[in-house]
>>> print(open('model.csv').read())   # CSV, C-alpha atoms
chain,number,residue,atom,x,y,z
A,16,MET,CA,101.5,116.6,25.3
A,17,PRO,CA,99.5,119.4,23.7
A,18,ILE,CA,95.7,119.4,24.3
A,19,ASN,CA,93.5,120.6,21.5
A,20,LYS,CA,90.3,122.6,22.2
A,21,LEU,CA,87.8,119.8,21.5
A,22,ALA,CA,89.7,117.3,23.8
A,23,LEU,CA,89.8,119.9,26.5
A,24,ILE,CA,86.0,120.4,26.3
A,25,ARG,CA,85.6,116.6,26.6
A,26,TYR,CA,87.9,116.4,29.6
A,27,LYS,CA,86.1,119.2,31.4
A,28,THR,CA,82.7,117.6,30.5
A,29,ILE,CA,83.7,114.2,31.9
A,30,ASP,CA,85.2,115.9,34.9
A,31,ASN,CA,81.9,117.7,35.6
A,32,CYS,CA,79.9,114.5,35.2
A,33,LEU,CA,82.1,112.5,37.6
A,34,GLN,CA,82.0,115.2,40.2
A,35,ASN,CA,78.2,114.7,40.3
A,36,ARG,CA,78.0,111.8,42.7
A,37,PHE,CA,74.2,111.8,42.8
A,38,ARG,CA,74.1,110.0,39.5
A,39,LYS,CA,75.7,106.8,38.1
A,40,TRP,CA,77.6,107.4,34.8
A,41,THR,CA,77.9,104.8,32.2
A,42,LEU,CA,80.2,105.1,29.2
A,43,GLU,CA,77.1,105.9,27.0
A,44,ASP,CA,76.1,108.7,29.5
A,45,LEU,CA,79.6,110.3,29.1
A,46,MET,CA,79.5,110.0,25.3
A,47,GLU,CA,76.1,111.8,25.3
A,48,ALA,CA,77.3,114.5,27.7
A,49,CYS,CA,80.5,115.1,25.6
A,50,SER,CA,78.4,115.2,22.4
A,51,ASP,CA,76.0,117.8,23.9
A,52,ALA,CA,79.0,119.9,25.1
A,53,LEU,CA,80.7,119.9,21.7
A,54,TYR,CA,77.4,120.9,20.1
A,55,GLU,CA,76.8,123.7,22.6
A,56,TYR,CA,80.2,125.2,22.5
A,57,GLU,CA,81.4,124.4,19.0
A,58,GLY,CA,78.2,123.6,17.0
A,59,ILE,CA,79.6,120.1,16.2
A,60,THR,CA,76.7,117.7,15.4
A,61,ASN,CA,78.8,114.5,15.0
A,62,GLY,CA,78.5,112.5,18.1
A,63,VAL,CA,81.5,111.4,20.2
A,64,SER,CA,82.5,107.8,19.7
A,65,ARG,CA,82.9,105.2,22.4
A,66,ARG,CA,86.6,104.8,21.5
A,67,THR,CA,87.2,108.6,21.9
A,68,VAL,CA,85.7,108.7,25.4
A,69,GLN,CA,87.6,105.6,26.4
A,70,LEU,CA,90.9,107.3,25.3
A,71,ASP,CA,89.9,110.5,27.1
A,72,ILE,CA,89.4,108.6,30.3
A,73,GLN,CA,92.7,106.8,29.8
A,74,ASN,CA,94.5,110.1,29.2
A,75,MET,CA,92.9,111.6,32.3
A,76,ARG,CA,94.0,108.7,34.4
A,77,SER,CA,97.6,108.9,33.1
A,78,GLU,CA,100.5,111.2,33.9
A,79,LYS,CA,100.6,112.5,30.3
A,80,LEU,CA,98.4,115.5,31.1
A,81,GLY,CA,99.4,115.7,34.8
A,82,TYR,CA,95.9,114.8,35.9
A,83,ASN,CA,96.4,111.3,37.4
A,84,ALA,CA,92.6,111.3,37.8
A,85,PRO,CA,91.4,108.5,40.2
A,86,ILE,CA,88.7,107.2,37.8
A,87,VAL,CA,87.2,103.9,38.9
A,88,VAL,CA,84.6,101.5,37.4
A,89,THR,CA,82.0,99.9,39.6
A,90,ASP,CA,79.8,97.0,38.6
A,91,LYS,CA,81.8,96.8,35.4
A,92,LYS,CA,79.9,99.8,33.9
A,93,TYR,CA,79.6,102.8,36.2
A,94,TYR,CA,82.4,105.5,36.2
A,95,SER,CA,83.2,107.7,39.1
A,96,TYR,CA,86.0,109.5,41.0
A,97,GLU,CA,87.4,107.4,43.8
A,98,GLU,CA,88.3,110.6,45.7
A,99,LYS,CA,85.1,112.5,46.7
A,100,ASN,CA,86.4,116.0,46.1
A,101,TYR,CA,88.7,115.4,43.1
A,102,SER,CA,88.6,117.5,40.0
A,103,ILE,CA,91.1,118.0,37.2
A,104,THR,CA,90.8,121.7,37.8
A,105,ASN,CA,92.5,121.2,41.2
A,106,THR,CA,95.5,119.5,39.5
A,107,PRO,CA,98.9,121.3,40.2
A,108,ILE,CA,100.3,123.0,37.1
A,109,THR,CA,103.3,121.5,35.3
A,110,GLN,CA,106.9,122.8,35.4
A,111,GLN,CA,106.5,124.0,31.8
A,112,ASP,CA,103.4,125.9,32.7
A,113,LEU,CA,105.2,127.4,35.7
A,114,GLY,CA,107.9,128.7,33.5
A,115,THR,CA,105.4,130.3,31.1
A,116,LEU,CA,103.5,131.9,34.0
A,117,ASN,CA,106.7,133.2,35.5
A,118,GLU,CA,107.5,134.9,32.2
A,119,VAL,CA,104.0,136.4,32.0
A,120,LEU,CA,104.3,137.6,35.6
A,121,HIS,CA,107.6,139.2,34.8
A,122,VAL,CA,106.0,141.2,31.9
A,123,LEU,CA,103.0,142.2,34.1
A,124,LYS,CA,105.2,143.5,36.9
A,125,GLN,CA,106.8,145.9,34.5
A,126,PHE,CA,103.5,147.7,34.1
A,127,ASN,CA,102.8,148.2,37.8
A,128,GLY,CA,104.3,151.7,37.9
A,129,PHE,CA,101.9,153.0,35.2
A,130,GLY,CA,98.8,154.8,36.5
A,131,TYR,CA,96.5,153.2,33.9
A,132,PHE,CA,97.6,149.7,35.0
A,133,GLN,CA,96.9,150.2,38.7
A,134,GLU,CA,94.1,147.6,38.7
A,135,LEU,CA,96.8,145.0,37.8
A,136,ASN,CA,98.5,145.3,41.1
A,137,GLY,CA,96.2,143.0,43.0
A,138,MET,CA,96.0,140.5,40.2
A,139,VAL,CA,99.8,140.4,39.8
A,140,THR,CA,100.3,139.9,43.6
A,141,ARG,CA,97.8,137.0,43.6
A,142,LEU,CA,99.5,135.4,40.6
A,143,GLU,CA,102.9,135.8,42.2
A,144,ASP,CA,101.6,134.2,45.4
A,145,LYS,CA,100.0,131.2,43.5
A,146,LEU,CA,103.3,130.6,41.7
A,147,TYR,CA,105.3,130.9,45.0
A,148,LYS,CA,103.0,128.3,46.7
A,149,GLN,CA,103.4,126.0,43.7
A,150,GLN,CA,107.2,126.2,43.8
A,151,HIS,CA,107.6,126.0,47.6
A,152,LYS,CA,105.3,123.2,48.5
A,153,GLY,CA,102.2,125.2,49.5
A,154,LYS,CA,103.9,127.9,51.6
A,155,SER,CA,102.5,131.3,51.3
A,156,TYR,CA,103.0,134.7,53.1
A,157,ILE,CA,99.9,136.4,51.8
A,158,ASP,CA,96.4,135.4,52.9
A,159,PHE,CA,93.8,136.7,50.4
A,160,GLU,CA,90.2,137.0,51.3
A,161,LYS,CA,88.5,134.0,49.7
A,162,ASN,CA,85.5,131.6,50.1
A,163,GLU,CA,86.3,128.3,48.4
A,164,LEU,CA,83.0,126.8,49.5
A,165,LEU,CA,81.0,129.4,47.7
A,166,LYS,CA,78.6,128.0,45.2
A,167,GLY,CA,78.3,129.3,41.6
A,168,LEU,CA,82.0,130.1,41.0
A,169,LYS,CA,82.0,127.7,38.1
A,170,HIS,CA,79.5,129.9,36.2
A,171,ILE,CA,81.8,133.0,36.1
A,172,ASP,CA,83.9,132.0,33.1
A,173,PRO,CA,81.0,130.9,30.8
A,174,LEU,CA,78.8,133.8,31.9
A,175,HIS,CA,81.7,136.2,31.1
A,176,LYS,CA,81.9,134.7,27.6
A,177,ALA,CA,78.2,135.0,27.1
A,178,ILE,CA,78.4,138.7,28.0
A,179,ILE,CA,81.4,139.3,25.6
A,180,ASN,CA,79.6,137.4,22.8
A,181,LYS,CA,76.3,139.1,23.5
A,182,LYS,CA,74.4,135.9,24.0
A,183,THR,CA,70.9,135.5,25.4
A,184,ILE,CA,70.8,132.9,28.1
A,185,GLU,CA,68.2,130.8,29.9
A,186,ILE,CA,68.9,130.6,33.7
A,187,THR,CA,67.4,128.2,36.2
A,188,TYR,CA,67.4,130.4,39.3
A,189,GLN,CA,66.1,129.8,42.8
A,190,SER,CA,66.2,132.7,45.3
A,191,PHE,CA,66.5,132.1,49.0
A,192,LYS,CA,62.8,133.0,49.4
A,193,ALA,CA,61.4,130.9,46.6
A,194,ARG,CA,60.2,127.3,47.2
A,195,LEU,CA,60.9,126.3,43.6
A,196,PRO,CA,63.4,127.4,40.9
A,197,GLN,CA,62.2,129.6,38.1
A,198,ILE,CA,63.3,129.8,34.4
A,199,ILE,CA,64.5,133.2,33.3
A,200,VAL,CA,65.3,134.3,29.8
A,201,PHE,CA,68.1,136.8,30.5
A,202,TYR,CA,70.3,139.3,28.7
A,203,PRO,CA,73.6,139.3,30.7
A,204,TYR,CA,75.5,142.7,30.9
A,205,LEU,CA,78.0,142.7,33.8
A,206,LEU,CA,79.6,140.4,36.4
A,207,LYS,CA,80.0,142.1,39.8
A,208,GLU,CA,81.8,140.9,42.9
A,209,TYR,CA,80.9,142.2,46.4
A,210,ARG,CA,82.3,140.9,49.6
A,211,ASN,CA,83.6,137.7,47.9
A,212,ARG,CA,80.2,136.9,46.5
A,213,TRP,CA,79.4,137.1,42.7
A,214,PHE,CA,76.4,138.6,41.0
A,215,ILE,CA,75.3,139.2,37.4
A,216,LEU,CA,73.6,142.3,36.2
A,217,GLY,CA,71.2,142.0,33.2
A,218,ALA,CA,67.7,142.2,32.0
A,219,ASN,CA,64.8,139.9,32.0
A,220,ARG,CA,63.3,139.3,28.5
A,221,LYS,CA,59.8,139.7,30.2
A,222,GLY,CA,59.4,143.5,30.2
A,223,LYS,CA,63.2,144.1,29.8
A,224,ALA,CA,63.3,144.6,33.6
A,225,THR,CA,66.8,145.1,35.0
A,226,MET,CA,67.8,142.3,37.4
A,227,ILE,CA,70.7,141.4,39.6
A,228,LEU,CA,71.1,137.7,40.3
A,229,ALA,CA,73.4,136.0,42.7
A,230,LEU,CA,75.6,133.3,41.1
A,231,ASP,CA,75.3,131.0,44.1
A,232,ARG,CA,71.5,130.8,43.4
A,233,VAL,CA,72.0,129.9,39.7
A,234,GLU,CA,71.4,126.2,39.3
A,235,GLN,CA,72.3,126.0,35.6
A,236,PHE,CA,72.1,128.1,32.4
A,237,LYS,CA,72.4,127.7,28.7
A,238,GLU,CA,72.8,129.9,25.7
A,239,LEU,CA,69.8,130.5,23.5
A,240,ASN,CA,71.3,131.0,20.0
A,241,SER,CA,67.9,131.5,18.4
A,242,GLU,CA,66.9,134.3,20.9
A,243,LYS,CA,67.9,137.8,19.9
A,244,TYR,CA,70.1,139.7,22.4
A,245,HIS,CA,68.8,142.9,23.8
A,246,LYS,CA,71.5,145.5,24.5
A,247,ALA,CA,71.5,147.5,27.8
A,248,GLU,CA,69.6,150.8,27.7
A,249,PHE,CA,71.9,152.3,30.3
A,250,ASP,CA,75.6,152.7,31.0
A,251,VAL,CA,76.6,149.3,32.4
A,252,SER,CA,80.1,150.3,33.5
A,253,THR,CA,78.7,153.0,35.9
A,254,TYR,CA,75.6,151.3,37.1
A,255,PHE,CA,77.0,150.5,40.5
A,256,ASN,CA,79.0,153.7,41.0
A,257,ASP,CA,76.4,155.2,43.4
A,258,VAL,CA,75.8,152.2,45.6
A,259,ILE,CA,77.5,150.3,48.4
A,260,GLY,CA,76.9,146.6,47.5
A,261,VAL,CA,74.7,145.5,44.6
A,262,SER,CA,71.1,146.3,45.6
A,263,LYS,CA,69.7,148.9,43.3
A,264,MET,CA,66.6,149.6,41.2
A,265,PRO,CA,66.9,151.6,37.9
A,266,ASN,CA,64.7,154.5,39.2
A,267,GLN,CA,66.6,155.0,42.5
A,268,THR,CA,68.6,158.1,43.0
A,269,PRO,CA,71.5,158.7,45.5
A,270,GLN,CA,71.0,160.6,48.7
A,271,LEU,CA,73.5,162.7,50.7
A,272,ILE,CA,74.2,160.7,54.0
A,273,VAL,CA,75.9,162.7,56.7
A,274,MET,CA,77.5,160.8,59.6
A,275,LYS,CA,79.7,161.4,62.6
A,276,ILE,CA,82.3,158.8,63.8
A,277,ILE,CA,84.0,159.0,67.2
A,278,LYS,CA,87.5,160.3,67.2
A,279,GLU,CA,89.2,157.0,68.0
A,280,HIS,CA,87.8,155.3,64.9
A,281,ALA,CA,87.9,158.2,62.5
A,282,PRO,CA,91.2,157.0,61.0
A,283,TYR,CA,89.5,153.9,59.8
A,284,ILE,CA,87.1,155.7,57.5
A,285,ILE,CA,89.7,158.3,56.5
A,286,THR,CA,92.2,155.6,55.3
A,287,LYS,CA,89.5,153.3,53.9
A,288,PRO,CA,86.5,155.4,52.7
A,289,LEU,CA,83.0,153.8,52.8
A,290,HIS,CA,82.4,155.0,49.2
A,291,ALA,CA,84.2,156.9,46.4
A,292,SER,CA,81.9,159.9,47.1
A,293,GLN,CA,83.1,160.2,50.7
A,294,LYS,CA,84.0,163.7,51.9
A,295,ILE,CA,85.3,164.9,55.3
A,296,LEU,CA,83.1,167.8,56.3
A,297,ARG,CA,84.5,168.7,59.7
A,298,GLU,CA,86.8,167.4,62.4
A,299,ASP,CA,85.5,168.1,66.0
A,300,PRO,CA,87.3,167.3,69.3
A,301,ASP,CA,85.0,164.3,69.8
A,302,GLY,CA,84.8,163.0,66.3
A,303,THR,CA,84.8,163.5,62.5
A,304,ILE,CA,81.7,164.5,60.4
A,305,PHE,CA,81.7,163.1,56.9
A,306,SER,CA,79.3,162.4,54.1
A,307,ILE,CA,78.7,160.0,51.3
A,308,GLU,CA,76.2,160.2,48.4
A,309,VAL,CA,74.8,156.8,47.7
A,310,ILE,CA,71.5,155.0,47.2
A,311,TRP,CA,69.8,153.9,50.4
A,312,ASN,CA,69.8,150.1,50.3
A,313,PHE,CA,70.2,147.1,52.6
A,314,GLU,CA,74.0,147.0,52.2
A,315,LEU,CA,74.2,150.6,53.3
A,316,GLU,CA,72.2,149.9,56.5
A,317,ARG,CA,74.3,146.8,57.2
A,318,GLU,CA,77.6,148.8,56.8
A,319,ILE,CA,76.4,151.5,59.2
A,320,LEU,CA,75.2,148.9,61.8
A,321,GLY,CA,78.5,147.3,61.6
A,322,PHE,CA,80.1,150.3,63.2
A,323,GLY,CA,77.7,150.0,66.2
A,324,GLU,CA,78.0,152.8,68.7
A,325,GLN,CA,81.0,154.4,66.9
A,326,VAL,CA,78.8,156.1,64.2
A,327,LYS,CA,75.8,158.3,64.4
A,328,ILE,CA,73.6,159.3,61.4
A,329,LEU,CA,73.0,163.0,61.3
A,330,SER,CA,70.9,163.1,58.1
A,331,PRO,CA,68.6,162.2,56.6
A,332,LYS,CA,66.3,161.8,59.6
A,333,ARG,CA,64.5,158.9,58.0
A,334,LEU,CA,67.7,156.8,57.8
A,335,SER,CA,68.6,157.8,61.3
A,336,GLY,CA,65.2,156.6,62.5
A,337,LYS,CA,65.5,153.4,60.6
A,338,ILE,CA,68.9,152.6,62.1
A,339,GLN,CA,67.7,153.5,65.6
A,340,SER,CA,64.7,151.2,65.1
A,341,ARG,CA,66.9,148.3,64.0
A,342,MET,CA,69.2,148.7,67.0
A,343,LYS,CA,66.3,148.9,69.4
A,344,HIS,CA,64.9,145.7,67.9
A,345,THR,CA,68.3,144.0,68.4
A,346,LEU,CA,68.4,145.1,72.0
A,347,GLU,CA,64.9,143.8,72.6
A,348,LYS,CA,65.9,140.3,71.3
A,349,TYR,CA,68.7,140.2,73.8
A,350,ARG,CA,66.4,141.3,76.6
A,351,THR,CA,63.8,138.7,75.9
A,352,GLU,CA,66.5,136.0,75.9
>>> encode(input="model.csv", output="structure tokens")
Amino acid sequence: MPINKLALIRYKTIDNCLQNRFRKWTLEDLMEACSDALYEYEGITNGVSRRTVQLDIQNMRSEKLGYNAPIVVTDKKYYSYEEKNYSITNTPITQQDLGTLNEVLHVLKQFNGFGYFQELNGMVTRLEDKLYKQQHKGKSYIDFEKNELLKGLKHIDPLHKAIINKKTIEITYQSFKARLPQIIVFYPYLLKEYRNRWFILGANRKGKATMILALDRVEQFKELNSEKYHKAEFDVSTYFNDVIGVSKMPNQTPQLIVMKIIKEHAPYIITKPLHASQKILREDPDGTIFSIEVIWNFELEREILGFGEQVKILSPKRLSGKIQSRMKHTLEKYRTE
């Protein structure tokens, strides 16, 4: 059964509502939510009828779409999912979809040998693994790094569309340090993943200041169609080229960091460089001296501290002193305990 675009928007809206177990949803509530979604995404001002939402719920419950959604009604008026963690987005794909995806996979694999398609390799392997698991009852022989409990992943797709379509957005954001959330009018430029956590680079309308926001701290956002979009005044594609991680201010410049790693662990940084700028300067009997040219930020310090006694900072002296200070502070905590 083919699903048109408007029906899919309604299904996803109903699904999002029913996943929110902190509120009781009547049929009228679902009608209002679907009407708001169609207006937001498609500009449709005609409200969604009672009959339409009832048919949507019926389709979601049935096998026609493969959802078999466990939608129940309590007190003869409140709709919810009987299963706490259910979502139509977790529904296994159909055999027809599997066939289509296998065809797509076959085409993508033909490009693996081309240099300009090297970035496809990881994506193709992930897709192949997903299809194998689907066809072999969940068995898999590749374990990708993932964090399925990470908040904010649902924002990736709509934020990506906002960036492509150059839309100004209003974000409700609460940092770990803030007691209350704040409203930010934001120009989104780039989505960035670091260590399985997602961030968005953009600019605040207030002062056009560059900002990097963590998606797991975004409570909600909406597009502001009446607000003019402000294009980036820098090269977005290269913004993170001189950093480890995502912490960076526009006026920061990279520094040459020289380190020495003990002989036994040198192969680890040779085979997996800390940064694209890494250079091997010298190999001594007791270790390897190498350099990277990056901005000094929190992630750099954390990366260095992660090596423990295996790495020593040779320059700059200020960074060496900072790492020594943090290690001494750590030792003092153990001593006091």
>>> residues_near_point(input="model.csv", point="(76.8, 134.6, 44.0)", cutoff="12 Å", atoms="only C-alpha atoms", output="NGL selection string")
:A and (162 or 164-171 or 188-191 or 206-216 or 227-234 or 261)
>>> residues_around(input="model.csv", residues="Glu248 (chain A)", least_positions_apart="6", cutoff="12 Å", atoms="all atoms listed in the file", output="list in words")
Tyr202, Tyr204, Gly217, Ala218, Lys223, Ala224, Thr225, Tyr254 and Pro265 of chain A
>>> residues_near_point(input="model.csv", point="(68.3, 149.4, 45.1)", cutoff="8 Å", atoms="all atoms listed in the file", output="PDB file with C-alpha atoms, keeping the file's coordinate frame")
ATOM      1  CA  VAL A 261      74.700 145.500  44.600  1.00  0.00           C
ATOM      2  CA  SER A 262      71.100 146.300  45.600  1.00  0.00           C
ATOM      3  CA  LYS A 263      69.700 148.900  43.300  1.00  0.00           C
ATOM      4  CA  MET A 264      66.600 149.600  41.200  1.00  0.00           C
ATOM      5  CA  PRO A 265      66.900 151.600  37.900  1.00  0.00           C
ATOM      6  CA  GLN A 267      66.600 155.000  42.500  1.00  0.00           C
ATOM      7  CA  ILE A 310      71.500 155.000  47.200  1.00  0.00           C
ATOM      8  CA  TRP A 311      69.800 153.900  50.400  1.00  0.00           C
ATOM      9  CA  ASN A 312      69.800 150.100  50.300  1.00  0.00           C
TER      10      ASN A 312
END
>>> atom_distance(input="model.csv", atom1="CA of Leu205 (chain A)", atom2="CA of Gly321 (chain A)")
28.2 Å
>>> residues_around(input="model.csv", residues="region 271-288 of chain A", least_positions_apart="3", cutoff="10 Å", atoms="all atoms listed in the file", output="NGL selection string")
:A and (291-311 or 319 or 322 or 324-332 or 334-335)
>>> residues_around(input="model.csv", residues="Ile29 (chain A)", least_positions_apart="2", cutoff="8 Å", atoms="all atoms listed in the file", output="number ranges by chain")
A: 25-27, 31-33, 45, 48-49
>>> atom_distance(input="model.csv", atom1="CA of Lys92 (chain A)", atom2="CA of Thr67 (chain A)")
16.6 Å
>>> atom_distance(input="model.csv", atom1="CA of Asp172 (chain A)", atom2="CA of Thr28 (chain A)")
14.7 Å
>>> residues_around(input="model.csv", residues="Leu23 (chain A)", least_positions_apart="6", cutoff="12 Å", atoms="all atoms listed in the file", output="list in words")
Pro17, Ile29, Asp30, Cys49, Ala52, Leu53, Tyr56, Val68, Asp71, Ile72, Asn74, Met75, Leu80, Ile103 and Thr104 of chain A
>>> closest_residue(input="model.csv", among="A:Asn83, A:Gln270, A:Ile259, A:Ser50", to="Arg333 (chain A)", atoms="all atoms listed in the file")
A:Gln270
>>> closest_residue(input="model.csv", among="A:Glu43, A:Glu347, A:Glu185, A:Glu238", to="Gln69 (chain A)", atoms="all atoms listed in the file")
A:Glu43
>>> residues_around(input="model.csv", residues="Asn105 (chain A)", least_positions_apart="4", cutoff="10 Å", atoms="all atoms listed in the file", output="PyMOL selection string")
chain A and resi 82+100-101
>>> axis_aligned_box(input="model.csv", around="region 291-305 of chain A", padding_each_side="3 Å", output="JSON")
{"center_x": 84.5, "center_y": 162.8, "center_z": 58.1, "size_x": 11.6, "size_y": 17.8, "size_z": 29.4}
>>> closest_residue(input="model.csv", among="A:Phe236, A:Tyr54, A:Tyr349, A:Tyr96", to="Asn35 (chain A)", atoms="all atoms listed in the file")
A:Tyr96
>>> closest_residue(input="model.csv", among="A:Gln235, A:Glu314, A:Val258, A:Thr60", to="Gln197 (chain A)", atoms="all atoms listed in the file")
A:Gln235
>>> closest_residue(input="model.csv", among="A:Lys192, A:Lys246, A:His344, A:Lys237", to="Ile179 (chain A)", atoms="all atoms listed in the file")
A:Lys246
